[in-house]
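The file start.cif contains mmCIF, C-alpha atoms:
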```cif
data_run
loop_
_atom_site.label_atom_id
_atom_site.label_comp_id
_atom_site.auth_asym_id
_atom_site.auth_seq_id
_atom_site.Cartn_x
_atom_site.Cartn_y
_atom_site.Cartn_z
CA MET O 943 77.35 -18.78 -33.05
CA ALA O 944 75.09 -15.80 -32.09
CA SER O 945 71.50 -16.70 -31.31
CA SER O 946 68.73 -14.94 -33.22
CA PRO O 947 66.45 -12.65 -31.18
CA ASP O 948 62.95 -13.86 -30.21
CA VAL O 949 60.40 -12.56 -32.68
CA PRO O 950 56.87 -12.06 -31.33
CA SER O 951 54.19 -13.94 -33.20
CA ALA O 952 51.65 -12.02 -35.28
CA GLY O 953 49.15 -10.13 -33.13
CA ASN O 954 50.99 -10.97 -29.90
CA THR O 955 53.13 -7.93 -29.06
CA PRO O 956 54.20 -6.75 -25.59
CA GLU O 957 51.75 -3.86 -25.92
CA ASN O 958 48.88 -6.13 -26.98
CA PRO O 959 49.54 -9.69 -25.80
CA GLY O 960 47.35 -12.42 -27.14
CA SER O 961 45.09 -10.10 -29.16
CA GLY O 962 44.80 -12.55 -31.99
CA SER O 963 41.92 -14.38 -30.25
CA PRO O 964 40.27 -13.76 -26.84
CA SER O 965 41.19 -16.06 -24.02
CA ALA O 966 38.65 -18.15 -22.14
CA GLU O 967 38.90 -15.71 -19.22
CA GLN O 968 38.16 -12.73 -21.48
CA GLN O 969 35.20 -14.53 -23.03
CA ALA O 970 33.78 -15.32 -19.57
CA THR O 971 34.18 -11.68 -18.48
CA ALA O 972 32.41 -10.42 -21.60
CA ALA O 973 29.62 -12.92 -21.10
CA GLY O 974 29.20 -11.77 -17.47
CA VAL O 975 28.95 -8.10 -18.47
CA THR O 976 26.36 -8.93 -21.15
CA GLU O 977 24.35 -10.99 -18.65
CA ARG O 978 24.37 -8.18 -16.05
CA ARG O 979 23.26 -5.64 -18.64
CA GLY O 980 20.50 -7.99 -19.70
CA ARG O 981 19.28 -8.32 -16.11
CA VAL O 982 19.25 -4.52 -15.64
CA ARG O 983 17.26 -4.06 -18.86
CA ALA O 984 14.85 -6.79 -17.77
CA ARG O 985 14.30 -5.14 -14.38
CA ARG O 986 13.63 -1.78 -16.02
CA ALA O 987 11.19 -3.38 -18.45
CA ALA O 988 9.39 -5.11 -15.57
CA VAL O 989 8.96 -1.79 -13.71
CA MET O 990 7.56 -0.13 -16.82
CA ALA O 991 5.17 -3.03 -17.35
CA VAL O 992 3.46 -2.88 -13.92
CA PRO O 993 -0.26 -2.67 -14.74
CA ALA O 994 -2.12 0.43 -13.57
CA THR O 995 -4.78 -1.87 -12.12
CA LEU O 996 -2.27 -3.21 -9.58
CA VAL O 997 -1.40 0.34 -8.49
CA ALA O 998 -5.09 1.17 -8.13
CA ALA O 999 -5.66 -2.01 -6.11
CA GLY O 1000 -2.83 -1.08 -3.76
CA LEU O 1001 -4.27 2.40 -3.25
CA ALA O 1002 -7.67 0.90 -2.46
CA VAL O 1003 -6.16 -1.33 0.24
CA LEU O 1004 -4.25 1.57 1.78
CA THR O 1005 -7.37 3.75 1.76
CA ALA O 1006 -9.26 1.01 3.57
CA GLN O 1007 -6.46 0.85 6.16
CA GLY O 1008 -6.60 4.60 6.76
CA ALA O 1009 -3.17 5.27 5.25
CA LEU O 1010 -4.58 7.99 2.99
CA GLY O 1011 -6.57 11.11 3.85
CA VAL O 1012 -10.07 9.64 3.72
CA GLN O 1013 -11.07 7.18 6.43
CA PHE O 1014 -14.71 6.66 5.49
CA ALA O 1015 -16.84 5.55 2.55
CA ILE O 1016 -17.55 8.59 0.37
CA SER O 1017 -21.03 9.38 -0.96
CA GLY O 1018 -19.73 9.73 -4.50
CA MET O 1019 -21.33 13.18 -4.87
CA PRO O 1020 -18.67 15.81 -5.69
CA PHE O 1021 -18.81 19.21 -4.02
CA THR O 1022 -17.23 22.55 -4.85
CA VAL O 1023 -15.02 24.53 -2.45
CA THR O 1024 -13.80 28.07 -3.11
CA ALA O 1025 -11.86 30.64 -1.10
CA THR O 1026 -10.40 33.99 -2.02
CA GLU O 1027 -7.23 33.01 -0.17
CA LEU O 1028 -5.71 29.94 1.48
CA ASN O 1029 -2.55 30.02 3.56
CA GLY O 1030 -1.07 26.87 5.01
CA THR O 1031 1.90 25.62 7.01
CA GLY O 1032 3.10 22.09 6.32
CA PHE O 1033 1.83 21.08 2.88
CA GLU O 1034 1.74 17.63 1.24
CA GLN O 1035 0.13 16.31 -1.94
CA PHE O 1036 -0.10 12.79 -3.41
CA GLY O 1037 -2.39 10.49 -5.35
CA GLY O 1038 -5.08 8.37 -3.74
CA LEU O 1039 -8.23 6.38 -4.32
CA ASP O 1040 -11.57 7.02 -2.58
CA THR O 1041 -14.18 4.27 -2.27
CA MET O 1042 -17.96 4.57 -2.08
CA ALA O 1043 -20.24 2.46 0.09
CA ASP O 1044 -21.23 -0.88 -1.40
CA GLY O 1045 -24.21 -0.50 -3.73
CA SER O 1046 -23.95 3.30 -3.91
CA PRO O 1047 -26.29 4.68 -6.61
CA ASN O 1048 -23.55 7.19 -7.49
CA ALA O 1049 -21.04 4.51 -8.53
CA GLY O 1050 -22.12 4.45 -12.18
CA ASP O 1051 -19.50 2.60 -14.23
CA SER O 1052 -16.64 3.65 -11.92
CA GLY O 1053 -16.76 0.52 -9.79
CA GLY O 1054 -17.43 2.73 -6.78
CA GLN O 1055 -13.95 4.24 -6.77
CA VAL O 1056 -12.64 7.73 -7.60
CA LEU O 1057 -9.00 8.56 -8.35
CA VAL O 1058 -8.14 11.73 -6.40
CA VAL O 1059 -5.30 14.02 -5.40
CA THR O 1060 -4.99 14.28 -1.62
CA SER O 1061 -3.78 17.64 -0.31
CA ALA O 1062 -2.79 17.71 3.37
CA ILE O 1063 -2.08 20.88 5.36
CA LYS O 1064 -0.97 20.86 8.98
CA LYS O 1065 -2.40 24.33 9.73
CA ALA O 1066 -4.57 26.32 7.31
CA THR O 1067 -6.49 29.59 7.20
CA LEU O 1068 -9.09 30.36 4.50
CA THR O 1069 -10.77 33.66 3.64
CA LYS O 1070 -14.38 33.74 2.39
CA LEU O 1071 -14.89 29.99 2.28
CA CYS O 1072 -17.75 28.69 0.16
CA GLN O 1073 -18.85 25.07 -0.18
CA SER O 1074 -21.72 23.80 -2.30
CA VAL O 1075 -23.11 20.46 -3.41
CA ASP O 1076 -25.60 20.00 -6.25
CA LEU O 1077 -28.59 18.03 -4.96
CA GLY O 1078 -30.38 18.04 -8.31
CA GLY O 1079 -32.33 21.21 -8.94
CA THR O 1080 -31.01 22.96 -5.83
CA ASN O 1081 -27.68 23.45 -4.06
CA LEU O 1082 -26.78 23.06 -0.40
CA LEU O 1083 -24.59 26.13 0.22
CA ILE O 1084 -22.26 26.78 3.16
CA THR O 1085 -20.30 30.01 3.64
CA ALA O 1086 -17.97 31.17 6.44
CA GLY O 1087 -15.00 33.43 7.15
CA SER O 1088 -16.37 36.47 5.34
CA GLY O 1089 -15.91 38.84 8.29
CA ALA O 1090 -12.95 39.82 10.42
CA HIS O 1091 -12.21 36.23 11.45
CA LYS O 1092 -10.98 33.64 8.95
CA VAL O 1093 -11.77 29.95 8.76
CA THR O 1094 -9.04 27.88 10.44
CA ALA O 1095 -8.26 24.18 10.29
CA SER O 1096 -5.64 21.79 11.62
CA ASP O 1097 -4.65 18.47 10.00
CA LEU O 1098 -6.78 19.39 7.00
CA THR O 1099 -6.99 16.97 4.07
CA THR O 1100 -9.00 17.33 0.86
CA ASP O 1101 -9.47 14.68 -1.81
CA SER O 1102 -9.89 16.48 -5.13
CA THR O 1103 -10.35 15.73 -8.81
CA LYS O 1104 -9.84 19.38 -9.82
CA LEU O 1105 -7.88 22.22 -8.20
CA SER O 1106 -7.11 25.69 -9.56
CA GLY O 1107 -5.78 29.02 -8.29
CA ASN O 1108 -2.64 31.13 -8.06
CA ALA O 1109 -0.17 29.15 -5.96
CA ALA O 1110 3.14 29.91 -4.25
CA PHE O 1111 5.23 27.47 -2.19
CA LYS O 1112 8.20 27.84 0.15
CA ASN O 1113 10.93 25.16 0.12
CA ILE O 1114 8.97 22.83 -2.15
CA GLU O 1115 10.16 19.28 -2.79
CA ILE O 1116 8.76 17.57 -5.92
CA GLY O 1117 9.04 13.86 -6.64
CA ASN O 1118 9.11 12.49 -3.09
CA ASP O 1119 7.94 8.98 -2.35
CA ALA O 1120 4.54 9.51 -0.75
CA SER O 1121 5.38 7.17 2.13
CA THR O 1122 8.23 9.46 3.27
CA LEU O 1123 6.33 12.76 3.58
CA ASN O 1124 6.86 14.62 6.87
CA LYS O 1125 5.47 18.15 6.52
CA ALA O 1126 1.89 17.31 7.61
CA ASN O 1127 0.19 14.43 9.39
CA ALA O 1128 -0.53 12.32 6.30
CA LYS O 1129 1.35 9.77 4.24
CA GLY O 1130 0.60 8.05 0.96
CA PRO O 1131 1.49 4.57 -0.27
CA ILE O 1132 5.06 3.61 -1.04
CA GLY O 1133 6.09 4.13 -4.66
CA VAL O 1134 3.57 6.92 -5.34
CA PHE O 1135 4.70 10.32 -6.65
CA SER O 1136 4.18 13.25 -4.28
CA GLN O 1137 5.36 16.70 -3.31
CA GLN O 1138 5.60 18.75 -0.12
CA ALA O 1139 6.51 22.26 1.05
CA ASP O 1140 7.02 24.25 4.23
CA THR O 1141 4.22 26.68 3.32
CA VAL O 1142 1.56 27.11 0.64
CA HIS O 1143 -0.40 30.14 -0.54
CA ILE O 1144 -3.26 29.83 -3.04
CA GLY O 1145 -5.25 32.82 -4.24
CA ASN O 1146 -8.70 32.35 -5.82
CA LEU O 1147 -8.80 28.71 -4.78
CA ARG O 1148 -11.34 26.45 -6.48
CA GLN O 1149 -11.63 22.70 -5.87
CA THR O 1150 -13.88 19.84 -6.89
CA ASN O 1151 -13.73 17.52 -3.87
CA TYR O 1152 -15.06 14.14 -2.87
CA ALA O 1153 -13.98 14.28 0.77
CA THR O 1154 -12.56 16.59 3.43
CA THR O 1155 -11.25 15.73 6.89
CA ALA O 1156 -9.77 17.88 9.65
CA GLY O 1157 -8.64 17.52 13.23
CA VAL O 1158 -10.20 20.88 14.11
CA PHE O 1159 -12.30 23.02 11.73
CA ARG O 1160 -13.48 26.46 12.91
CA LEU O 1161 -15.96 28.35 10.71
CA PRO O 1162 -16.76 31.83 12.06
CA GLY O 1163 -19.88 33.41 10.57
CA LEU O 1164 -21.17 30.04 9.35
CA LYS O 1165 -24.27 30.16 7.11
CA LEU O 1166 -26.02 27.10 5.68
CA ARG O 1167 -28.85 27.39 3.19
CA PHE O 1168 -30.36 26.13 -0.06
CA SER O 1169 -29.61 28.12 -3.18
CA SER O 1170 -30.39 28.01 -6.88
CA SER O 1171 -26.67 28.46 -7.63
CA GLY O 1172 -23.51 26.99 -6.15
CA CYS O 1173 -20.10 28.47 -5.36
#
```

Could you render the structure from this file as structure tokens?
Amino acid sequence: MASSPDVPSAGNTPENPGSGSPSAEQQATAAGVTERRGRVRARRAAVMAVPATLVAAGLAVLTAQGALGVQFAISGMPFTVTATELNGTGFEQFGGLDTMADGSPNAGDSGGQVLVVTSAIKKATLTKLCQSVDLGGTNLLITAGSGAHKVTASDLTTDSTKLSGNAAFKNIEIGNDASTLNKANAKGPIGVFSQQADTVHIGNLRQTNYATTAGVFRLPGLKLRFSSSGC
């Protein structure tokens, strides 16, 4: 008597074995994938939820340790810097936090701290430099580099709240981690947005600064005076 052929049960074909209901192994795999996706989403949410106050606190610590451009307590009085032309080799830029001396009368409601953009240039030349600070009713005015010789600086850093001009960069990199910068002799804190370039040119430069440092700063034709108007 001929035997009848095996007939596959419903939903259990050679092409789709056991599709009627998932096995314990399949359920465990699906659960693992869901759990991993949940962890990734949680990590992303945690990064987005980092309070700005923690970032500011970290910047303050790094400033105190000399990791940023400024290595001294600022007065808290902003000053203006202008130049008809700035040319630099080795350019870096990143965020920072400057701190005033304890009890400074200029602190106001800022807590004695100013959020700034630090610009670092390994070697810089400036044409027709002007710097002025408002002393209340009069301005202390400094000019230099108006003649045949330009102002020069090495390891120059400026901490600014405003910067304007016509800029051009060579081989610029945008979005670096500030702790990895290598074009000039300055680094920012890890995790902070930054940019750097081989060279920088800025025409009609104008800055509002809270601090400037330099390894060497040469100002030919220097003139210092009081004036009714600033730069």

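Taking all atoms listed in the file into account, Asn1108 of chain O lies nearest to O:Arg1148 out of the set O:Arg1148, O:Ser1136, O:Gly1053, O:Asn1127.
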
- Apply the PyMOL selection byres ((chain O and resi 1069) around 8) to the structure shown and report the selected residues as a PyMOL selection string. chain O and resi 1025-1028+1067-1068+1070-1071+1087-1088+1092-1093

For the residues in the current selection, export C-alpha atoms as a tab-separated table (two decimals), in the frame of the given file.
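Result file out01.tsv:
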```tsv
chain	number	residue	atom	x	y	z
O	1025	ALA	CA	-11.86	30.64	-1.10
O	1026	THR	CA	-10.40	33.99	-2.02
O	1027	GLU	CA	-7.23	33.01	-0.17
O	1028	LEU	CA	-5.71	29.94	1.48
O	1067	THR	CA	-6.49	29.59	7.20
O	1068	LEU	CA	-9.09	30.36	4.50
O	1070	LYS	CA	-14.38	33.74	2.39
O	1071	LEU	CA	-14.89	29.99	2.28
O	1087	GLY	CA	-15.00	33.43	7.15
O	1088	SER	CA	-16.37	36.47	5.34
O	1092	LYS	CA	-10.98	33.64	8.95
O	1093	VAL	CA	-11.77	29.95	8.76
```

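Of the residues under consideration (O:Thr1122, O:Ser1017, O:Thr1085, O:Thr1024), O:Thr1085 shows the shortest atom-to-atom contact distance to Arg1167 of chain O when counting all atoms listed in the file.
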
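If you count all atoms listed in the file and ignore residues fewer than 4 places along the chain from Gln1055 of chain O, what sits within 7 Å of it is Leu1039, Asp1040, Thr1041 and Met1042 of chain O.
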
Grab the residues selected above and save them as a compact mmCIF listing (two decimals), in the coordinates of the input with C-alpha atoms.
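Result file selection-v4.txt:
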```
# COMPACT_ATOMS: atom_id res chain seq x y z
CA LEU O 1039 -8.23 6.38 -4.32
CA ASP O 1040 -11.57 7.02 -2.58
CA THR O 1041 -14.18 4.27 -2.27
CA MET O 1042 -17.96 4.57 -2.08
```

Where does the PyMOL selection byres ((chain O and resi 1135) around 9) land in this file, that is, which residues does it pick, as a compact mmCIF listing (two decimals) with C-alpha atoms, in the frame of the given file?
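Writing done, so here's expr-v5.txt:
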```
# COMPACT_ATOMS: atom_id res chain seq x y z
CA GLN O 1035 0.13 16.31 -1.94
CA PHE O 1036 -0.10 12.79 -3.41
CA GLY O 1037 -2.39 10.49 -5.35
CA ILE O 1116 8.76 17.57 -5.92
CA GLY O 1117 9.04 13.86 -6.64
CA ASN O 1118 9.11 12.49 -3.09
CA ASP O 1119 7.94 8.98 -2.35
CA ALA O 1120 4.54 9.51 -0.75
CA GLY O 1130 0.60 8.05 0.96
CA ILE O 1132 5.06 3.61 -1.04
CA GLY O 1133 6.09 4.13 -4.66
CA VAL O 1134 3.57 6.92 -5.34
CA SER O 1136 4.18 13.25 -4.28
CA GLN O 1137 5.36 16.70 -3.31
```

- Message: Under the rule that all atoms listed in the file are counted, which of O:Ala1066, O:Leu1082, O:Val1059, O:Ala1139 is the nearest residue to Lys1125 of chain O?
- Response: O:Ala1139

- Excluding Val1075 of chain O and residues on its chain fewer than 6 positions from it, collect all residues at most 9 Å away from it, counting only C-alpha atoms, and give them as a PyMOL selection string. chain O and resi 1019-1022+1081-1083+1172-1173

- What is the distance, in Å and to one decimal place, between atom CA of Leu1105 of chain O and atom CA of Asp1076 of chain O? 18.0 Å

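Atom CA of Phe1014 of chain O is positioned 17.7 Å from atom CA of Phe1159 of chain O.
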